[in-house]
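Participant: Take a look at the following structure, please.
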Amino acid sequence: MLTLIAQLTIDAADIAAAFLFLYGLWRMSSPVTAPAGIFLAGIGMLAAILASFLYAFNVSAAARVQLPINIALAIVALAAGGGAAWWSGRKVMMTSMPQMVALYNGLGGGAAGTIAAAELLGNRMHGPAQLLATLAGALIGAVSLSGSLIAWAKLDGVINKPLRIKGQQLLNGLAMLITLAVGGYIAFSVLAGIAPVIALPTLIYLFFACALIFGVLMTLPIGGADMPVVISIYNAFTGLAVGFEGFVIQNPALMVAGMVVGAAGTLLTLLMAKAMNRSISNILFTRFGTATKHKQGSIVGNLKPTDPADAGIAMRYASSVIIVPGYGLAVAQGQQKLYEFVKLLQAAGVTVRFAVHPVAGRMPGQMDVLLAEAGVPYELIVQLEDINDDFANTDIALVIGANDVVNPAARSDKSSPIFGMPILNVDKAKRVFVIKRGEGKGYAGIVNILFYGDNCNMVYGDAQAVLIKMIEAVRGLGLSSAA
Amino acid sequence: MIITGVVGLYIFMLAAFSGWVIIGGVPAILHTPLMSGSNFVHGIVVVGGLYTLLNASTVQEQVIGFFAVLLGAGNVAGGYAVTGRMLAMFQSAPHKAAHAKRSHAKASHSKKA
């Protein structure tokens with residue numbers, strides 16, 4: 001009777017959790033409803049975690065004697081893992097969000113992988129479907145764990161250069177084949193009931209080692225600007241791994257939650273790849289910029305540097321300004337100063353909006369979060385497809401720390417490596433100011449013809465320092481009280 | 001309750017489909033919180049970790065189960081903490097800003113100064 005009640009309670013909590021996850025994510029369709037959505041999902045999670053302690057009423061005789069230890073271990077693990085992650089999550093800076101998300105994602109992949117390890121070593125699978133799901137979850141979870149850790153290290157600056165060696169693709173392909181072969185051999189020997197050449201536990205450890213190594217090798221050569229895609233992929237991977245392990249331990253809540261995240265990660269991955277105009281296999285397996293030696297067409301015009309104060313005053317007397325923030329703004333920590341400048345312009349009656357490219361930042365949507373952190377109301381933050389037609393009717397476009405995403409060559413120059421990439425049509429504005437550290441090229445290593453246009457002036461310097469000068473210049477006009 | 005392979009595929013299909021539709025409705029401005037939020041959602045794996053740990057009868061299983069719960073708990077708590085923080089930052093324009101813009105169109109700066 002007690003076991004039945006326990007099981008029913010677990011089932012009820014799990015189904016409520018699954019529903020609240022879906023409902024909570026659905027509420028994310030607007031910034032207004034999103035905070036309540038994640039709160040409800042949190043309630044569902046808490047209920048599912050608390051209810052799962054009731055598994056204690058329904059364990060084997062062998063496990064029953066261990067129960068007091070196991071429950072104590074569970075509480076310690078929850079408190080230690082949860083506490084450390086909560087603490088780090090509360091204090092992490094918004095600019096460091098991509099690596100933090102990568103890290104938490106790796107933890108989830110690792111958890112799915114370890115559950116698979118317990119199932120494989122305990123040989124608790126029933127039938128070929130469960131065995132294959134366990135192996136698939138183990139492989140994907142382990143790749144997600146080690147891959148996410150490398151992504152974290154790269155984003156955090158622990159590893160600061162993409163590691164690229166000769167024959168890397170061959171090596172990675174080989175690592176994948178070996179991993180799949182070991183997994184296939186485990187499946188064959190368990191299903192056919194033939195003892196493998198190496199003892200099964202050793203073989204299982206070998207399988208995990210191969211998968212972990214493959215995750216490392218796969219992520220090492222990928223460059224910083226491709227990280228939005230990588231983080232999305234590993235998010236999808238962990239989701240899939242969780243879904244598969246949910247099937248193995250016969251828990252539908254894990255299956256639903258895992259597969260929803262798998263779909264979410266896949267969708268975001270495709271969106272990011274489209275915004276970069278590259279296929280996913282191209283990002284994962286090709287070195288960027290080496291495939292074709294691009295011949296730069298002859299450039300008409302020259303770079304016209306201007307003074308920050310002049311640029312600031314020009315914007316003060318414009319009627320509409322669109323600001324294009326790029327990763328360079330975040331690097332210079334200039335968001336606060338930027339919004340201070342924008343408030344001055346608004347007080348003077350200038351219509352100001354922000355145009356955000358999908359891959360501005362190191363993860364999807366990071367620039368939006370950084371602007372929101374600086375206090376910019378979300379109504380002013382407009383996405384590429386909604387604002388691109390407005391540049392033609394805009395007095396001034398201000399580009400800060402963005403390069404390739406505003407290069408008109410993507411529209412006009414068929415031989416350019418970025419041809420076809422969706423860009424912000426900044427060049428169509430009546431005047432353009434570009435704040436840039438120096439005359440260097442963008443990530444794609446190509447010259448930006450926007451900078452040479454008749455309507456474009458360059459403002460060289462650190463974004464934050466330039467913005468401070470612009471603020472001083474506009475305040476100097478004697479309207480500071482208006483702000 | 002026994003979920004067979006075929007039933008499992010049905011669950012996967014329906015979940016993937018609803019996930020695709022729900023996520024497709026999230027605006028690009030919220031893609032970072034969406035990613036950390038979905039990251040939080042797959043933290044439900046901690047429940048699987050608890051199941052594994054409570055059913056552990058050998059030291060090896062206890063060690064594996066302990067790590068499964070530890071990692072899963074980190075996923076849950078971290079994912080929730082950062083998502084909540086980010087979503088709290090997205091704020092609507094204060095009324096006075098909208099008002100100031102409108103009043104300016106009609107009047108001069110002196111009014112505010």
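Each chain in the structure tokens gets a letter, A, B, ..., in the order shown, and its residues are numbered from 1; ligands are numbered from 1 in order too.
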Quick one: pick out all strand (DSSP E) residues within segment 220-353 of chain A from a backbone DSSP run and write them as a list in words.
Facilitator: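 Strand (DSSP E) members of segment 220-353 of chain A, listed: Ser320, Val321, Ile322, Ile323, Val324, Pro325, Thr351, Val352 and Arg353 of chain A.
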Participant: Go ahead and dump the residues you just picked, N, CA, C and O atoms, as a tab-separated table (two decimals), in the first residue's frame.
Facilitator:
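Wrote it out as again-v4.tsv, contents follow:
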```tsv
chain	number	residue	atom	x	y	z
A	320	SER	N	16.58	61.05	-35.82
A	320	SER	CA	16.51	59.62	-35.53
A	320	SER	C	17.89	58.99	-35.60
A	320	SER	O	18.68	59.29	-36.49
A	321	VAL	N	18.17	58.12	-34.63
A	321	VAL	CA	19.46	57.43	-34.55
A	321	VAL	C	19.19	55.95	-34.29
A	321	VAL	O	18.36	55.59	-33.47
A	322	ILE	N	19.89	55.08	-35.03
A	322	ILE	CA	19.85	53.65	-34.73
A	322	ILE	C	21.26	53.23	-34.32
A	322	ILE	O	22.24	53.52	-35.00
A	323	ILE	N	21.34	52.55	-33.17
A	323	ILE	CA	22.64	52.12	-32.66
A	323	ILE	C	22.80	50.62	-32.89
A	323	ILE	O	21.89	49.84	-32.59
A	324	VAL	N	23.95	50.24	-33.46
A	324	VAL	CA	24.23	48.83	-33.70
A	324	VAL	C	25.35	48.39	-32.75
A	324	VAL	O	26.53	48.66	-33.01
A	325	PRO	N	25.01	47.75	-31.64
A	325	PRO	CA	26.05	47.32	-30.71
A	325	PRO	C	26.60	45.95	-31.11
A	325	PRO	O	25.85	45.06	-31.51
A	351	THR	N	14.87	60.33	-31.56
A	351	THR	CA	14.34	58.97	-31.48
A	351	THR	C	15.51	58.00	-31.60
A	351	THR	O	16.20	57.99	-32.62
A	352	VAL	N	15.73	57.19	-30.56
A	352	VAL	CA	16.87	56.28	-30.56
A	352	VAL	C	16.38	54.84	-30.43
A	352	VAL	O	15.51	54.55	-29.61
A	353	ARG	N	16.92	53.97	-31.27
A	353	ARG	CA	16.62	52.55	-31.14
A	353	ARG	C	17.91	51.75	-31.28
A	353	ARG	O	18.91	52.23	-31.81
```
Participant: Using only C-alpha atoms, determine which residues lie at most 7 Å from Ala309 of chain A, disregarding the query and same-chain residues fewer than 2 positions distant; provide the list as a list in words.
Facilitator: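 Answer for this query is Asp307, Ala311, Gly312, Ile313, Lys469, Met470 and Ala473 of chain A.
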Participant: Nearest residue to Gly43 of chain B out of A:Cys210, A:Val158, A:Val242, A:Ala13, using only C-alpha atoms?
Facilitator: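 Looking at the shortest contact to Gly43 of chain B, the residue is A:Val242.
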Participant: Using only C-alpha atoms, pick whichever of B:Ala28, B:Leu71, B:Ala88, B:Ala93 has the shortest atom-to-atom distance to Leu50 of chain B.
Facilitator: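 Ranked by minimum distance to Leu50 of chain B, first place goes to B:Leu71.
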Participant: Where in segment 336-412 of chain A does DSSP assign helix (DSSP H, G or I), given as a tab-separated table (two decimals) with all heavy atoms, in the first residue's frame?
Facilitator:
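Produced file part_2.tsv, reproduced below:
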```tsv
chain	number	residue	atom	x	y	z
A	336	GLN	N	26.77	50.72	-20.07
A	336	GLN	CA	26.19	51.72	-19.17
A	336	GLN	C	26.34	53.13	-19.75
A	336	GLN	O	25.41	53.92	-19.78
A	336	GLN	CB	26.87	51.67	-17.79
A	336	GLN	CG	26.83	50.32	-17.12
A	336	GLN	CD	25.48	50.02	-16.49
A	336	GLN	OE1	24.63	50.90	-16.38
A	336	GLN	NE2	25.26	48.77	-16.11
A	337	LYS	N	27.58	53.40	-20.22
A	337	LYS	CA	27.85	54.73	-20.80
A	337	LYS	C	27.00	54.94	-22.05
A	337	LYS	O	26.53	56.05	-22.31
A	337	LYS	CB	29.34	54.85	-21.14
A	337	LYS	CG	30.22	55.00	-19.92
A	337	LYS	CD	30.04	56.37	-19.27
A	337	LYS	CE	30.59	56.36	-17.86
A	337	LYS	NZ	29.97	57.37	-17.01
A	338	LEU	N	26.82	53.88	-22.82
A	338	LEU	CA	26.03	54.00	-24.04
A	338	LEU	C	24.60	54.42	-23.69
A	338	LEU	O	24.05	55.34	-24.30
A	338	LEU	CB	26.02	52.67	-24.79
A	338	LEU	CG	25.12	52.63	-26.03
A	338	LEU	CD1	25.57	53.66	-27.06
A	338	LEU	CD2	25.14	51.24	-26.68
A	339	TYR	N	24.02	53.78	-22.67
A	339	TYR	CA	22.64	54.12	-22.33
A	339	TYR	C	22.55	55.53	-21.73
A	339	TYR	O	21.58	56.24	-21.94
A	339	TYR	CB	22.04	53.08	-21.39
A	339	TYR	CG	20.54	53.29	-21.18
A	339	TYR	CD1	19.71	53.53	-22.28
A	339	TYR	CD2	19.98	53.27	-19.91
A	339	TYR	CE1	18.37	53.75	-22.11
A	339	TYR	CE2	18.62	53.48	-19.74
A	339	TYR	CZ	17.82	53.72	-20.84
A	339	TYR	OH	16.47	53.94	-20.67
A	340	GLU	N	23.61	55.93	-21.02
A	340	GLU	CA	23.65	57.30	-20.49
A	340	GLU	C	23.59	58.30	-21.66
A	340	GLU	O	22.84	59.28	-21.63
A	340	GLU	CB	24.94	57.47	-19.70
A	340	GLU	CG	24.91	58.60	-18.68
A	340	GLU	CD	26.24	58.71	-17.95
A	340	GLU	OE1	26.86	57.67	-17.64
A	340	GLU	OE2	26.69	59.84	-17.71
A	341	PHE	N	24.39	58.00	-22.71
A	341	PHE	CA	24.42	58.85	-23.90
A	341	PHE	C	23.05	58.84	-24.57
A	341	PHE	O	22.53	59.91	-24.98
A	341	PHE	CB	25.51	58.33	-24.84
A	341	PHE	CG	25.61	59.07	-26.14
A	341	PHE	CD1	25.91	60.43	-26.17
A	341	PHE	CD2	25.39	58.42	-27.35
A	341	PHE	CE1	26.00	61.11	-27.36
A	341	PHE	CE2	25.48	59.11	-28.55
A	341	PHE	CZ	25.78	60.45	-28.55
A	342	VAL	N	22.44	57.67	-24.67
A	342	VAL	CA	21.13	57.55	-25.32
A	342	VAL	C	20.09	58.37	-24.56
A	342	VAL	O	19.26	59.05	-25.17
A	342	VAL	CB	20.72	56.06	-25.40
A	342	VAL	CG1	19.24	55.93	-25.76
A	342	VAL	CG2	21.58	55.34	-26.41
A	343	LYS	N	20.15	58.34	-23.24
A	343	LYS	CA	19.17	59.12	-22.45
A	343	LYS	C	19.33	60.61	-22.71
A	343	LYS	O	18.34	61.33	-22.77
A	343	LYS	CB	19.32	58.79	-20.96
A	343	LYS	CG	18.64	57.47	-20.60
A	343	LYS	CD	18.53	57.25	-19.11
A	343	LYS	CE	19.82	56.76	-18.55
A	343	LYS	NZ	19.70	56.22	-17.18
A	344	LEU	N	20.59	61.06	-22.89
A	344	LEU	CA	20.82	62.46	-23.24
A	344	LEU	C	20.16	62.80	-24.57
A	344	LEU	O	19.51	63.83	-24.73
A	344	LEU	CB	22.32	62.75	-23.34
A	344	LEU	CG	23.07	63.05	-22.05
A	344	LEU	CD1	24.55	63.18	-22.35
A	344	LEU	CD2	22.54	64.34	-21.43
A	345	LEU	N	20.36	61.90	-25.56
A	345	LEU	CA	19.77	62.13	-26.88
A	345	LEU	C	18.25	62.15	-26.79
A	345	LEU	O	17.58	63.01	-27.38
A	345	LEU	CB	20.21	61.04	-27.86
A	345	LEU	CG	21.70	60.96	-28.22
A	345	LEU	CD1	21.94	59.85	-29.22
A	345	LEU	CD2	22.20	62.28	-28.78
A	346	GLN	N	17.69	61.21	-26.03
A	346	GLN	CA	16.23	61.15	-25.90
A	346	GLN	C	15.69	62.41	-25.27
A	346	GLN	O	14.66	62.94	-25.69
A	346	GLN	CB	15.83	59.93	-25.05
A	346	GLN	CG	15.97	58.62	-25.79
A	346	GLN	CD	15.64	57.44	-24.91
A	346	GLN	OE1	15.87	57.48	-23.70
A	346	GLN	NE2	15.11	56.39	-25.50
A	347	ALA	N	16.42	62.91	-24.26
A	347	ALA	CA	15.97	64.13	-23.59
A	347	ALA	C	15.97	65.31	-24.55
A	347	ALA	O	15.19	66.26	-24.40
A	347	ALA	CB	16.87	64.43	-22.40
A	366	GLN	N	22.82	37.34	-26.49
A	366	GLN	CA	23.59	37.88	-25.36
A	366	GLN	C	23.56	39.41	-25.34
A	366	GLN	O	23.50	40.03	-24.28
A	366	GLN	CB	25.04	37.40	-25.40
A	366	GLN	CG	25.75	37.70	-24.09
A	366	GLN	CD	27.25	37.55	-24.18
A	366	GLN	OE1	27.81	37.25	-25.23
A	366	GLN	NE2	27.92	37.74	-23.07
A	367	MET	N	23.61	40.04	-26.54
A	367	MET	CA	23.62	41.50	-26.58
A	367	MET	C	22.34	42.08	-25.98
A	367	MET	O	22.36	43.11	-25.30
A	367	MET	CB	23.81	41.97	-28.02
A	367	MET	CG	24.13	43.42	-28.19
A	367	MET	SD	25.46	44.02	-27.13
A	367	MET	CE	26.85	43.14	-27.81
A	368	ASP	N	21.21	41.40	-26.21
A	368	ASP	CA	19.94	41.86	-25.64
A	368	ASP	C	20.01	41.88	-24.11
A	368	ASP	O	19.54	42.81	-23.47
A	368	ASP	CB	18.81	40.94	-26.09
A	368	ASP	CG	18.73	40.83	-27.60
A	368	ASP	OD1	18.23	41.77	-28.22
A	368	ASP	OD2	19.19	39.83	-28.16
A	369	VAL	N	20.62	40.82	-23.55
A	369	VAL	CA	20.73	40.75	-22.09
A	369	VAL	C	21.64	41.86	-21.57
A	369	VAL	O	21.34	42.51	-20.56
A	369	VAL	CB	21.27	39.36	-21.66
A	369	VAL	CG1	21.58	39.34	-20.17
A	369	VAL	CG2	20.29	38.28	-22.00
A	370	LEU	N	22.75	42.11	-22.27
A	370	LEU	CA	23.69	43.14	-21.82
A	370	LEU	C	23.04	44.52	-21.87
A	370	LEU	O	23.26	45.35	-20.98
A	370	LEU	CB	24.95	43.11	-22.68
A	370	LEU	CG	25.81	41.85	-22.52
A	370	LEU	CD1	26.93	41.83	-23.54
A	370	LEU	CD2	26.36	41.75	-21.11
A	371	LEU	N	22.23	44.78	-22.91
A	371	LEU	CA	21.53	46.06	-22.97
A	371	LEU	C	20.49	46.16	-21.87
A	371	LEU	O	20.34	47.21	-21.22
A	371	LEU	CB	20.88	46.23	-24.35
A	371	LEU	CG	21.82	46.43	-25.53
A	371	LEU	CD1	21.06	46.48	-26.83
A	371	LEU	CD2	22.66	47.69	-25.36
A	372	ALA	N	19.77	45.06	-21.64
A	372	ALA	CA	18.76	45.06	-20.57
A	372	ALA	C	19.41	45.32	-19.22
A	372	ALA	O	18.87	46.04	-18.38
A	372	ALA	CB	18.01	43.73	-20.56
A	373	GLU	N	20.60	44.74	-19.02
A	373	GLU	CA	21.31	44.93	-17.76
A	373	GLU	C	21.64	46.41	-17.55
A	373	GLU	O	21.57	46.94	-16.45
A	373	GLU	CB	22.60	44.10	-17.73
A	373	GLU	CG	23.29	44.15	-16.38
A	373	GLU	CD	24.71	43.63	-16.44
A	373	GLU	OE1	25.29	43.57	-17.54
A	373	GLU	OE2	25.24	43.29	-15.37
A	378	TYR	N	13.12	47.12	-23.11
A	378	TYR	CA	13.16	46.17	-24.22
A	378	TYR	C	12.43	46.67	-25.46
A	378	TYR	O	12.68	46.20	-26.56
A	378	TYR	CB	12.65	44.79	-23.80
A	378	TYR	CG	11.27	44.74	-23.21
A	378	TYR	CD1	10.15	44.83	-24.02
A	378	TYR	CD2	11.08	44.58	-21.84
A	378	TYR	CE1	8.88	44.78	-23.48
A	378	TYR	CE2	9.82	44.53	-21.29
A	378	TYR	CZ	8.71	44.62	-22.12
A	378	TYR	OH	7.47	44.58	-21.58
A	379	GLU	N	11.55	47.67	-25.32
A	379	GLU	CA	10.87	48.20	-26.51
A	379	GLU	C	11.86	48.86	-27.47
A	379	GLU	O	11.59	48.97	-28.66
A	379	GLU	CB	9.81	49.25	-26.12
A	379	GLU	CG	8.60	48.67	-25.40
A	379	GLU	CD	8.78	48.72	-23.90
A	379	GLU	OE1	9.93	48.84	-23.43
A	379	GLU	OE2	7.77	48.62	-23.18
A	380	LEU	N	12.99	49.34	-26.94
A	380	LEU	CA	13.96	50.03	-27.79
A	380	LEU	C	14.90	49.06	-28.50
A	380	LEU	O	15.64	49.45	-29.40
A	380	LEU	CB	14.80	51.00	-26.95
A	380	LEU	CG	14.08	52.15	-26.26
A	380	LEU	CD1	15.09	53.07	-25.59
A	380	LEU	CD2	13.22	52.93	-27.24
A	384	LEU	N	17.06	42.32	-36.12
A	384	LEU	CA	17.47	42.57	-37.50
A	384	LEU	C	16.29	42.68	-38.48
A	384	LEU	O	16.12	43.69	-39.16
A	384	LEU	CB	18.44	41.47	-37.94
A	384	LEU	CG	18.97	41.50	-39.37
A	384	LEU	CD1	20.47	41.23	-39.36
A	384	LEU	CD2	18.31	40.47	-40.24
A	385	GLU	N	15.46	41.65	-38.52
A	385	GLU	CA	14.42	41.62	-39.57
A	385	GLU	C	13.36	42.71	-39.37
A	385	GLU	O	12.71	43.11	-40.32
A	385	GLU	CB	13.78	40.22	-39.66
A	385	GLU	CG	13.09	39.77	-38.39
A	385	GLU	CD	14.04	39.03	-37.45
A	385	GLU	OE1	15.28	39.28	-37.50
A	385	GLU	OE2	13.56	38.21	-36.67
A	386	ASP	N	13.23	43.20	-38.13
A	386	ASP	CA	12.20	44.21	-37.86
A	386	ASP	C	12.69	45.64	-38.09
A	386	ASP	O	11.88	46.56	-38.15
A	386	ASP	CB	11.71	44.09	-36.40
A	386	ASP	CG	11.10	42.72	-36.14
A	386	ASP	OD1	10.42	42.21	-37.06
A	386	ASP	OD2	11.33	42.17	-35.06
A	387	ILE	N	13.99	45.83	-38.19
A	387	ILE	CA	14.50	47.21	-38.26
A	387	ILE	C	15.23	47.49	-39.56
A	387	ILE	O	15.48	48.64	-39.91
A	387	ILE	CB	15.42	47.51	-37.05
A	387	ILE	CG1	15.48	49.02	-36.79
A	387	ILE	CG2	16.81	46.91	-37.23
A	387	ILE	CD1	16.08	49.40	-35.47
A	388	ASN	N	15.55	46.44	-40.32
A	388	ASN	CA	16.43	46.63	-41.47
A	388	ASN	C	15.90	47.63	-42.51
A	388	ASN	O	16.67	48.37	-43.10
A	388	ASN	CB	16.74	45.29	-42.13
A	388	ASN	CG	18.23	45.01	-42.14
A	388	ASN	OD1	19.01	45.85	-41.69
A	388	ASN	ND2	18.62	43.87	-42.64
A	389	ASP	N	14.58	47.66	-42.69
A	389	ASP	CA	14.03	48.58	-43.69
A	389	ASP	C	14.04	50.03	-43.20
A	389	ASP	O	13.87	50.95	-43.99
A	389	ASP	CB	12.59	48.18	-44.03
A	389	ASP	CG	12.55	46.83	-44.72
A	389	ASP	OD1	13.59	46.46	-45.32
A	389	ASP	OD2	11.52	46.15	-44.66
A	390	ASP	N	14.23	50.23	-41.90
A	390	ASP	CA	14.16	51.58	-41.34
A	390	ASP	C	15.46	52.37	-41.49
A	390	ASP	O	15.46	53.59	-41.31
A	390	ASP	CB	13.80	51.54	-39.85
A	390	ASP	CG	12.40	50.98	-39.64
A	390	ASP	OD1	11.72	50.74	-40.66
A	390	ASP	OD2	12.00	50.78	-38.48
A	391	PHE	N	16.57	51.69	-41.81
A	391	PHE	CA	17.84	52.41	-41.89
A	391	PHE	C	17.79	53.51	-42.95
A	391	PHE	O	18.34	54.59	-42.77
A	391	PHE	CB	18.99	51.44	-42.20
A	391	PHE	CG	19.51	50.74	-40.98
A	391	PHE	CD1	19.20	49.41	-40.74
A	391	PHE	CD2	20.30	51.41	-40.06
A	391	PHE	CE1	19.67	48.76	-39.61
A	391	PHE	CE2	20.77	50.77	-38.93
A	391	PHE	CZ	20.45	49.44	-38.70
A	392	ALA	N	17.08	53.23	-44.06
A	392	ALA	CA	17.02	54.20	-45.15
A	392	ALA	C	16.37	55.52	-44.70
A	392	ALA	O	16.67	56.58	-45.26
A	392	ALA	CB	16.25	53.60	-46.32
A	393	ASN	N	15.48	55.46	-43.71
A	393	ASN	CA	14.82	56.69	-43.24
A	393	ASN	C	15.46	57.24	-41.97
A	393	ASN	O	14.84	58.01	-41.25
A	393	ASN	CB	13.35	56.41	-42.93
A	393	ASN	CG	12.68	55.66	-44.04
A	393	ASN	OD1	12.88	55.98	-45.20
A	393	ASN	ND2	11.91	54.64	-43.69
A	404	ASP	N	31.68	42.59	-39.19
A	404	ASP	CA	31.19	41.76	-40.29
A	404	ASP	C	29.68	41.83	-40.47
A	404	ASP	O	29.18	41.73	-41.58
A	404	ASP	CB	31.62	40.30	-40.06
A	404	ASP	CG	33.13	40.14	-40.13
A	404	ASP	OD1	33.76	40.95	-40.82
A	404	ASP	OD2	33.66	39.22	-39.49
A	405	VAL	N	28.95	42.03	-39.37
A	405	VAL	CA	27.48	42.01	-39.46
A	405	VAL	C	26.92	43.29	-40.08
A	405	VAL	O	25.72	43.41	-40.27
A	405	VAL	CB	26.81	41.79	-38.08
A	405	VAL	CG1	27.20	40.43	-37.52
A	405	VAL	CG2	27.15	42.89	-37.11
A	406	VAL	N	27.80	44.28	-40.38
A	406	VAL	CA	27.34	45.49	-41.06
A	406	VAL	C	28.09	45.69	-42.38
A	406	VAL	O	28.09	46.78	-42.93
A	406	VAL	CB	27.50	46.75	-40.17
A	406	VAL	CG1	26.56	46.68	-38.99
A	406	VAL	CG2	28.93	46.93	-39.71
A	409	ALA	N	29.26	44.04	-48.23
A	409	ALA	CA	29.76	43.03	-49.16
A	409	ALA	C	28.90	41.77	-49.10
A	409	ALA	O	28.79	41.03	-50.08
A	409	ALA	CB	31.22	42.70	-48.83
A	410	ALA	N	28.27	41.53	-47.96
A	410	ALA	CA	27.41	40.35	-47.83
A	410	ALA	C	26.22	40.42	-48.79
A	410	ALA	O	25.65	39.40	-49.14
A	410	ALA	CB	26.91	40.24	-46.39
A	411	ARG	N	25.86	41.64	-49.19
A	411	ARG	CA	24.75	41.80	-50.14
A	411	ARG	C	25.24	41.84	-51.57
A	411	ARG	O	24.59	41.33	-52.48
A	411	ARG	CB	24.02	43.12	-49.86
A	411	ARG	CG	23.00	43.08	-48.77
A	411	ARG	CD	22.05	44.28	-48.91
A	411	ARG	NE	22.71	45.51	-49.32
A	411	ARG	CZ	23.05	46.50	-48.49
A	411	ARG	NH1	22.77	46.40	-47.22
A	411	ARG	NH2	23.65	47.58	-48.94
A	412	SER	N	26.43	42.49	-51.78
A	412	SER	CA	26.79	42.87	-53.15
A	412	SER	C	27.92	42.03	-53.75
A	412	SER	O	27.93	41.79	-54.95
A	412	SER	CB	27.18	44.34	-53.17
A	412	SER	OG	28.24	44.56	-52.24
```
Participant: Name the residues in contact with Leu54 of chain B at a cut-off of 8 Å, using only C-alpha atoms, excluding same-chain residues fewer than 6 positions from it; report them as a list of chain:residue names.
Facilitator: A:Phe53, A:Tyr55, A:Ala56, A:Val59, A:Ala63, A:Leu67, A:Asn70, A:Ile71, A:Ala74, B:Gly65
Participant: Of the candidates B:Ala73, B:Val7, B:Ile44, B:Val82, which one gets nearest to Ala18 of chain A if we count only C-alpha atoms?
Facilitator: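 For Ala18 of chain A, the nearest of the given residues is B:Ile44.
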Participant: What is the distance between atom CA of Ala68 of chain B and atom CA of Ala48 of chain A, in Å to one decimal?
Facilitator: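 Going from atom CA of Ala68 of chain B over to atom CA of Ala48 of chain A, I get 15.9 Å.
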Participant: What gap, in Å, lies between atom CA of Leu398 of chain A and atom CA of Leu329 of chain A?
Facilitator: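 According to the coordinates, atom CA of Leu398 of chain A and atom CA of Leu329 of chain A are separated by 11.9 Å.
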Participant: Here is a test: counting only C-alpha atoms, which residue of A:Ala275, A:Leu177, A:Val197, A:Val182 is nearest to chain B?
Facilitator: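 So, comparing all the options, the nearest one is A:Ala275.
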Participant: Rank nothing, just name the residue among A:Thr134, A:Ala129, A:Leu25, A:Ile435 nearest to Ser18 of chain B, using only C-alpha atoms.
Facilitator: A:Leu25
Participant: Between atom CA of Leu120 of chain A and atom CA of Leu180 of chain A, what distance in Å does the model show, to one decimal?
Facilitator: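 These two atoms are separated by 15.8 Å.
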Participant: Write out as a PyMOL selection string each polymer residue whose atoms come within 10 Å of Leu217 of chain A, counting only C-alpha atoms; drop sequence neighbours fewer than 6 positions from it.
Facilitator: chain A and resi 143+146-147+150+163-164+168-169+171-173+175-176+211
Participant: Rank A:Gly141, A:Pro196, A:Pro68, A:Gly239 by their smallest atom-to-atom distance to chain B, using only C-alpha atoms, and report the top residue only.
Facilitator: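 That would be A:Gly239, the residue with the smallest distance to chain B.
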